[in-house]
Each structure stands twice: as C-alpha cells, then as structure tokens.
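Content type TSV, C-alpha atoms, from the file data_7.tsv:
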```
chain	number	residue	atom	x	y	z
A	443	MET	CA	-50.90	-14.67	4.54
A	444	ASP	CA	-49.35	-12.18	6.97
A	445	GLY	CA	-46.92	-14.79	8.30
A	446	ALA	CA	-44.83	-15.02	5.11
A	447	PRO	CA	-43.82	-11.32	4.99
A	448	ARG	CA	-42.96	-11.44	8.71
A	449	ASP	CA	-40.78	-14.52	8.14
A	450	ARG	CA	-38.98	-12.81	5.28
A	451	ARG	CA	-38.37	-9.74	7.41
A	452	ARG	CA	-37.01	-11.87	10.25
A	453	ARG	CA	-34.69	-13.72	7.86
A	454	ALA	CA	-33.48	-10.44	6.36
A	455	ALA	CA	-32.84	-9.01	9.83
A	456	GLY	CA	-30.94	-12.17	10.77
A	457	LEU	CA	-28.76	-11.87	7.67
A	458	LEU	CA	-27.96	-8.24	8.50
A	459	VAL	CA	-26.93	-9.22	12.04
A	460	MET	CA	-24.69	-12.00	10.68
A	461	LEU	CA	-23.11	-9.61	8.15
A	462	ALA	CA	-22.42	-7.00	10.82
A	463	ALA	CA	-20.84	-9.65	13.05
A	464	ALA	CA	-18.64	-10.87	10.20
A	465	LEU	CA	-17.45	-7.35	9.42
A	466	ALA	CA	-16.67	-6.72	13.08
A	467	ALA	CA	-14.74	-9.99	13.33
A	468	THR	CA	-12.57	-9.19	10.32
A	469	GLY	CA	-11.95	-5.59	11.40
A	470	CYS	CA	-13.14	-4.27	8.02
A	471	SER	CA	-15.32	-1.64	9.69
A	472	SER	CA	-12.44	-0.06	11.64
A	473	ALA	CA	-9.46	-0.15	9.27
A	474	ARG	CA	-8.51	3.15	7.64
A	475	TYR	CA	-5.93	3.59	4.88
A	476	THR	CA	-3.37	6.31	4.22
A	477	TYR	CA	-1.80	6.42	0.76
A	478	PHE	CA	1.75	7.27	-0.26
A	479	ARG	CA	3.60	7.96	-3.48
A	480	PRO	CA	7.28	7.18	-4.00
A	481	ALA	CA	9.57	10.18	-4.39
A	482	GLY	CA	11.06	10.67	-7.85
A	483	GLU	CA	9.53	9.16	-10.94
A	484	TYR	CA	6.49	6.97	-10.39
A	485	GLN	CA	3.48	5.51	-12.19
A	486	ALA	CA	-0.20	4.90	-11.39
A	487	ALA	CA	-0.79	1.64	-9.50
A	488	GLY	CA	-4.59	1.36	-9.41
A	489	ALA	CA	-7.04	2.37	-6.71
A	490	SER	CA	-5.72	0.06	-3.98
A	491	TRP	CA	-2.10	1.28	-4.10
A	492	VAL	CA	-2.39	4.53	-6.12
A	493	ALA	CA	1.28	5.05	-7.06
A	494	LYS	CA	4.34	2.86	-7.61
A	495	ARG	CA	7.98	3.29	-8.57
A	496	THR	CA	9.87	0.89	-10.80
A	497	TYR	CA	13.52	0.00	-10.20
A	498	ASP	CA	15.82	-1.70	-12.71
A	499	LEU	CA	18.24	-3.77	-10.66
A	500	PRO	CA	21.12	-4.07	-10.25
A	501	PRO	CA	21.72	-0.40	-11.18
A	502	GLY	CA	22.74	0.03	-14.78
A	503	THR	CA	21.08	-3.21	-15.86
A	504	ARG	CA	17.56	-4.30	-16.76
A	505	GLU	CA	17.81	-7.80	-15.41
A	506	VAL	CA	15.37	-7.42	-12.51
A	507	LYS	CA	12.38	-5.06	-12.29
A	508	VAL	CA	10.92	-4.28	-8.88
A	509	HIS	CA	7.71	-2.23	-8.66
A	510	VAL	CA	7.26	-0.69	-5.18
A	511	ALA	CA	4.09	0.84	-3.71
A	512	ALA	CA	3.00	1.62	-0.15
A	513	ARG	CA	-0.04	2.43	1.96
A	514	GLY	CA	-0.60	2.78	5.69
A	515	ARG	CA	-3.31	1.06	7.71
A	516	SER	CA	-4.78	2.36	10.98
A	517	GLN	CA	-6.83	0.04	13.14
A	518	GLU	CA	-7.52	-1.16	16.68
A	519	ASN	CA	-6.63	-4.45	18.33
A	520	GLU	CA	-9.08	-6.59	20.28
A	521	ARG	CA	-8.48	-4.42	23.38
A	522	GLY	CA	-9.37	-1.24	21.50
A	523	VAL	CA	-5.77	0.03	21.36
A	524	ALA	CA	-4.99	1.93	18.15
A	525	TYR	CA	-1.93	1.02	16.10
A	526	ASP	CA	-0.61	1.83	12.62
A	527	THR	CA	1.23	-0.30	10.09
A	528	LEU	CA	2.92	0.36	6.76
A	529	HIS	CA	2.24	-2.09	3.94
A	530	VAL	CA	4.68	-2.23	1.01
A	531	ARG	CA	3.82	-4.10	-2.18
A	532	LEU	CA	6.72	-5.59	-4.14
A	533	GLU	CA	6.13	-6.83	-7.69
A	534	ILE	CA	9.34	-8.57	-8.72
A	535	GLU	CA	10.15	-9.66	-12.28
A	536	ASN	CA	13.46	-11.49	-12.61
A	537	GLY	CA	14.50	-11.54	-16.25
A	538	GLY	CA	18.14	-12.22	-15.48
A	539	GLN	CA	20.27	-15.32	-15.05
A	540	ALA	CA	20.72	-15.28	-11.25
A	541	ALA	CA	18.37	-15.53	-8.27
A	542	PHE	CA	17.06	-12.36	-6.60
A	543	THR	CA	16.82	-12.52	-2.79
A	544	LEU	CA	15.40	-10.15	-0.20
A	545	ASP	CA	15.42	-10.81	3.55
A	546	PRO	CA	12.48	-9.08	5.31
A	547	ALA	CA	14.41	-9.11	8.60
A	548	ALA	CA	16.99	-6.75	7.06
A	549	VAL	CA	14.43	-4.12	5.97
A	550	LYS	CA	14.45	-0.81	7.89
A	551	LEU	CA	11.87	1.99	8.14
A	552	LEU	CA	12.78	5.57	9.12
A	553	ASP	CA	10.19	8.27	9.86
A	554	ASP	CA	10.43	12.08	9.89
A	555	GLU	CA	11.47	12.13	13.56
A	556	GLY	CA	14.36	9.75	13.03
A	557	ARG	CA	12.67	6.76	14.64
A	558	VAL	CA	13.77	3.45	13.13
A	559	VAL	CA	11.83	0.21	12.75
A	560	GLU	CA	13.94	-2.83	11.93
A	561	GLY	CA	12.52	-5.91	10.25
A	562	ALA	CA	9.27	-6.60	8.42
A	563	GLU	CA	6.82	-9.45	8.02
A	564	ALA	CA	6.52	-10.75	4.44
A	565	TYR	CA	3.40	-12.26	2.90
A	566	ALA	CA	2.69	-14.06	-0.36
A	567	GLY	CA	-1.04	-13.54	-0.59
A	568	ARG	CA	-2.34	-14.42	2.88
A	569	ASN	CA	0.57	-16.71	3.69
A	570	ARG	CA	3.43	-15.41	5.77
A	571	THR	CA	6.83	-16.25	4.36
A	572	GLY	CA	10.48	-15.86	5.27
A	573	THR	CA	13.27	-14.86	2.91
A	574	ILE	CA	11.99	-13.87	-0.53
A	575	THR	CA	13.76	-15.64	-3.38
A	576	ILE	CA	12.82	-15.15	-7.04
A	577	ALA	CA	14.53	-17.57	-9.41
A	578	ALA	CA	15.87	-16.51	-12.79
A	579	GLY	CA	13.01	-16.07	-15.26
A	580	ALA	CA	10.34	-16.02	-12.52
A	581	SER	CA	8.10	-13.31	-11.07
A	582	ALA	CA	6.06	-12.93	-7.89
A	583	VAL	CA	4.20	-10.41	-5.72
A	584	TYR	CA	4.87	-9.96	-2.00
A	585	GLU	CA	3.70	-7.60	0.71
A	586	LEU	CA	5.88	-6.33	3.53
A	587	VAL	CA	4.19	-5.24	6.77
A	588	LEU	CA	5.98	-3.02	9.26
A	589	ASP	CA	4.66	-1.84	12.64
A	590	LEU	CA	5.11	1.86	13.25
A	591	PRO	CA	6.51	2.89	16.66
A	592	ALA	CA	3.85	3.05	19.38
A	593	ASP	CA	4.07	6.86	19.55
A	594	ALA	CA	3.92	7.37	15.76
A	595	ARG	CA	0.65	8.01	13.91
A	596	LEU	CA	0.12	8.04	10.17
A	597	GLN	CA	-1.94	11.20	10.42
A	598	ASP	CA	1.12	13.06	11.74
A	599	ILE	CA	3.66	11.63	9.27
A	600	GLY	CA	4.60	13.48	6.09
A	601	SER	CA	7.08	10.98	4.68
A	602	LEU	CA	8.81	7.67	5.38
A	603	ARG	CA	11.99	6.06	4.07
A	604	LEU	CA	12.31	2.34	3.50
A	605	ALA	CA	15.75	0.73	3.14
A	606	TRP	CA	15.56	-2.71	1.53
A	607	PRO	CA	18.79	-4.61	0.88
A	608	TYR	CA	18.75	-7.35	-1.73
A	609	ARG	CA	21.11	-9.94	-3.15
A	610	TYR	CA	21.42	-10.70	-6.84
A	611	GLY	CA	23.84	-13.47	-7.70
A	612	ASP	CA	26.90	-12.95	-5.51
A	613	LYS	CA	26.40	-9.21	-4.92
A	614	THR	CA	24.46	-7.46	-2.13
A	615	GLN	CA	23.16	-3.91	-2.58
A	616	GLU	CA	20.60	-1.68	-0.90
A	617	VAL	CA	17.81	0.56	-2.21
A	618	THR	CA	16.19	3.35	-0.18
A	619	THR	CA	12.69	4.40	-1.25
A	620	LYS	CA	11.18	7.58	0.14
A	621	PHE	CA	7.39	7.59	0.40
A	622	ILE	CA	5.47	10.88	0.56
A	623	LYS	CA	1.97	10.94	2.00
A	624	ILE	CA	-0.82	11.87	-0.41
A	625	ASP	CA	-3.60	13.94	1.14
A	626	GLN	CA	-5.69	14.43	-2.00
A	627	VAL	CA	-6.60	10.82	-2.82
A	628	ASN	CA	-10.33	10.29	-3.25
A	629	TYR	CA	-11.48	7.36	-1.15
A	630	TYR	CA	-13.68	4.74	-2.73
A	631	TYR	CA	-16.03	1.94	-1.80
A	632	PRO	CA	-14.56	-1.60	-1.89
A	633	ASP	CA	-17.03	-2.69	-4.59
A	634	TYR	CA	-16.13	0.19	-6.88
A	635	HIS	CA	-12.64	0.75	-8.26
A	636	PRO	CA	-12.32	3.83	-10.45
A	637	ALA	CA	-8.95	4.50	-12.04
A	638	TYR	CA	-6.59	7.03	-10.46
A	639	TYR	CA	-4.40	9.37	-12.48
A	640	HIS	CA	-1.73	11.79	-11.39
A	641	TYR	CA	-2.11	15.39	-12.44
A	642	ASP	CA	0.42	18.14	-12.91
A	643	PRO	CA	0.59	20.23	-9.68
A	644	ARG	CA	0.12	23.44	-11.69
A	645	TYR	CA	-3.18	22.35	-13.20
A	646	GLY	CA	-6.31	20.49	-12.26
A	647	PRO	CA	-7.49	17.36	-14.06
A	648	TRP	CA	-9.11	19.36	-16.86
A	649	GLY	CA	-6.40	22.00	-17.34
A	650	ARG	CA	-7.59	24.54	-14.76
A	651	ARG	CA	-4.71	26.08	-12.84
A	652	ARG	CA	-4.52	25.06	-9.20
A	653	PHE	CA	-2.06	24.67	-6.36
A	654	GLY	CA	-0.90	21.52	-4.59
A	655	SER	CA	-0.47	18.09	-6.08
A	656	GLY	CA	-2.22	14.77	-5.91
A	657	TYR	CA	-4.59	12.51	-7.77
A	658	TYR	CA	-8.00	12.81	-9.30
A	659	ARG	CA	-10.41	10.00	-9.91
A	660	GLY	CA	-11.29	9.07	-13.49
A	661	TRP	CA	-13.53	6.51	-15.13
```
Any chance you could put this one into structure tokens?
Amino acid sequence: MDGAPRDRRRRAAGLLVMLAAALAATGCSSARYTYFRPAGEYQAAGASWVAKRTYDLPPGTREVKVHVAARGRSQENERGVAYDTLHVRLEIENGGQAAFTLDPAAVKLLDDEGRVVEGAEAYAGRNRTGTITIAAGASAVYELVLDLPADARLQDIGSLRLAWPYRYGDKTQEVTTKFIKIDQVNYYYPDYHPAYYHYDPRYGPWGRRRFGSGYYRGW
C-alpha cells in the first residue's frame, strides 16, 4: 500500500523537474519587461502592451489606421550576457484603395543619449518576415524587434523615439513615435490578465489627489 503514494510522489517530482527544464530552455524565467506609453494621445492596449497610439495615415485621411505599442525585454543569452530589446506592436488596418508598405530595414531607434539603432526584425506571429505589405481592404498584426546598443539598459532609459517610414500608393512618408517609460505599471502573472486603465495624473484611480502619472489595475 505504501508503494503507490511513493510512486505518485516520484512522478510529481519528475513532472516538476521537466517543467523547470522547459522554462529554463525557453528563457521564461529570466525575461523581464519594461512598459512604455506613446507620447501624445493614446489608448489602453491590454495588460501585455498597456498603451497604444492610433495613427490615421496618410495624414489628413482615414484610409489606413496603424495602432502602435511598445515594451522592452531584458534577458540573458546562453552565455549569461545581459541584453535588452525593444518590441513594437503594429496593428495595421488598410481601409483604402492602395497597398501599405513598411520596410523593417528602414526603421530607426533613437535613445536619450543620441545613440541610433538602424533596422529591425519583423515577425508575423512567430514567423520572421521581410517587407510588410498590407493590401487594400486587409489588416494584419506585426511585431518589430530592435536590439538596444550594448551599453544601453532599459532601466536607465526614460524615453525612446522610433522613426518608421512607410509607403502608401506612390508616396513615401515617415512617422516618428516617442515612447515614454512607465514606472507605475503593476506587473501580473501570465495566467491572470486584469485590465489596465490610465488615470489622470492629478488624481488616483478613485478620485484621491496624488502626484505622478501611470496606470492602475482594474477588474
């Protein structure tokens, strides 16, 4: 009779070891996120991205909507060397009559110290892609990933500027989005996604006067 409980305990211990190994292999245990909000007018973007800004492009039209959000990721490579990346989410809705195109190689990132990073990797889901092209009447979501300079750390950065040129029809234009780091975001467990809301910097979530600005977590 005593053998069955021991077997169950051994199986449970084995499962825990396998789970720990899987987490270590994927890097989930070491990745840390830093959240940003776009400067100017912006909207809530859910717990994973917190805040986004919507652009109507080309300027003066409502033919293409691009929703932009960003977060930083800090992690270590297989040699234990720390490095930081910026991830930019692009939700593109092309309601016009021409194709919308964005070349990740032409994207530029500028930090507070004037350091410039040229070029980004683009992903559709988990698949890396090249030039982003959204046909008339179509929509898609992409993620741009940019490596920060080796001597730059997200913890020391207050803001970043992303220049992203695009082509719509036969015209090429450029948008620059400034991202401001948010220090007040409440972190959450991956299995639990409460909603995030922005509050007025003069007041807390329930109307109490306070200083600073940020987000509070609501249900």
Calculated over all atoms listed in the file, which of the candidates A:Val587, A:Ala580, A:Ala481, A:Ala486 has the smallest distance to Arg568 (chain A)? A:Val587
Here is a test: counting all atoms listed in the file, which residue of A:Thr618, A:Leu586, A:Tyr608, A:Ala473 is nearest to Ala524 (chain A)? A:Ala473
Given only C-alpha atoms as the counted atoms, nearest of A:Phe478, A:Tyr584, A:Phe542, A:Tyr497 to Gly600 (chain A):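 Of the candidates, the smallest distance to Gly600 (chain A) is held by A:Phe478.
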Skip region 560-562 of chain A itself and residues of its chain fewer than 2 positions away, then list as a ChimeraX atom specification all residues within 10 Å of it, counting only C-alpha atoms. /A:528-530,545-552,558,564-565,572,585-589,605-606
Judged by all atoms listed in the file, the minimum distance to Thr575 (chain A) among A:Ile624, A:Gln539, A:Leu602, A:Tyr610 is found for A:Tyr610
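CA of Asp498 (chain A) to CA of Asp625 (chain A) spans 28.5 Å [interatomic distance, one decimal].
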Sel. within 10 Å of pt (7.7, 8.2, 10.8), counting all atoms listed in the file, output as a list in words: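 Here the neighbourhood of the point contains Leu551, Leu552, Asp553, Asp554, Glu555, Gly556, Arg557, Val558, Val559, Leu590, Pro591, Asp593, Ala594, Arg595, Leu596, Asp598, Ile599, Gly600, Ser601, Leu602 and Arg603 of chain A.
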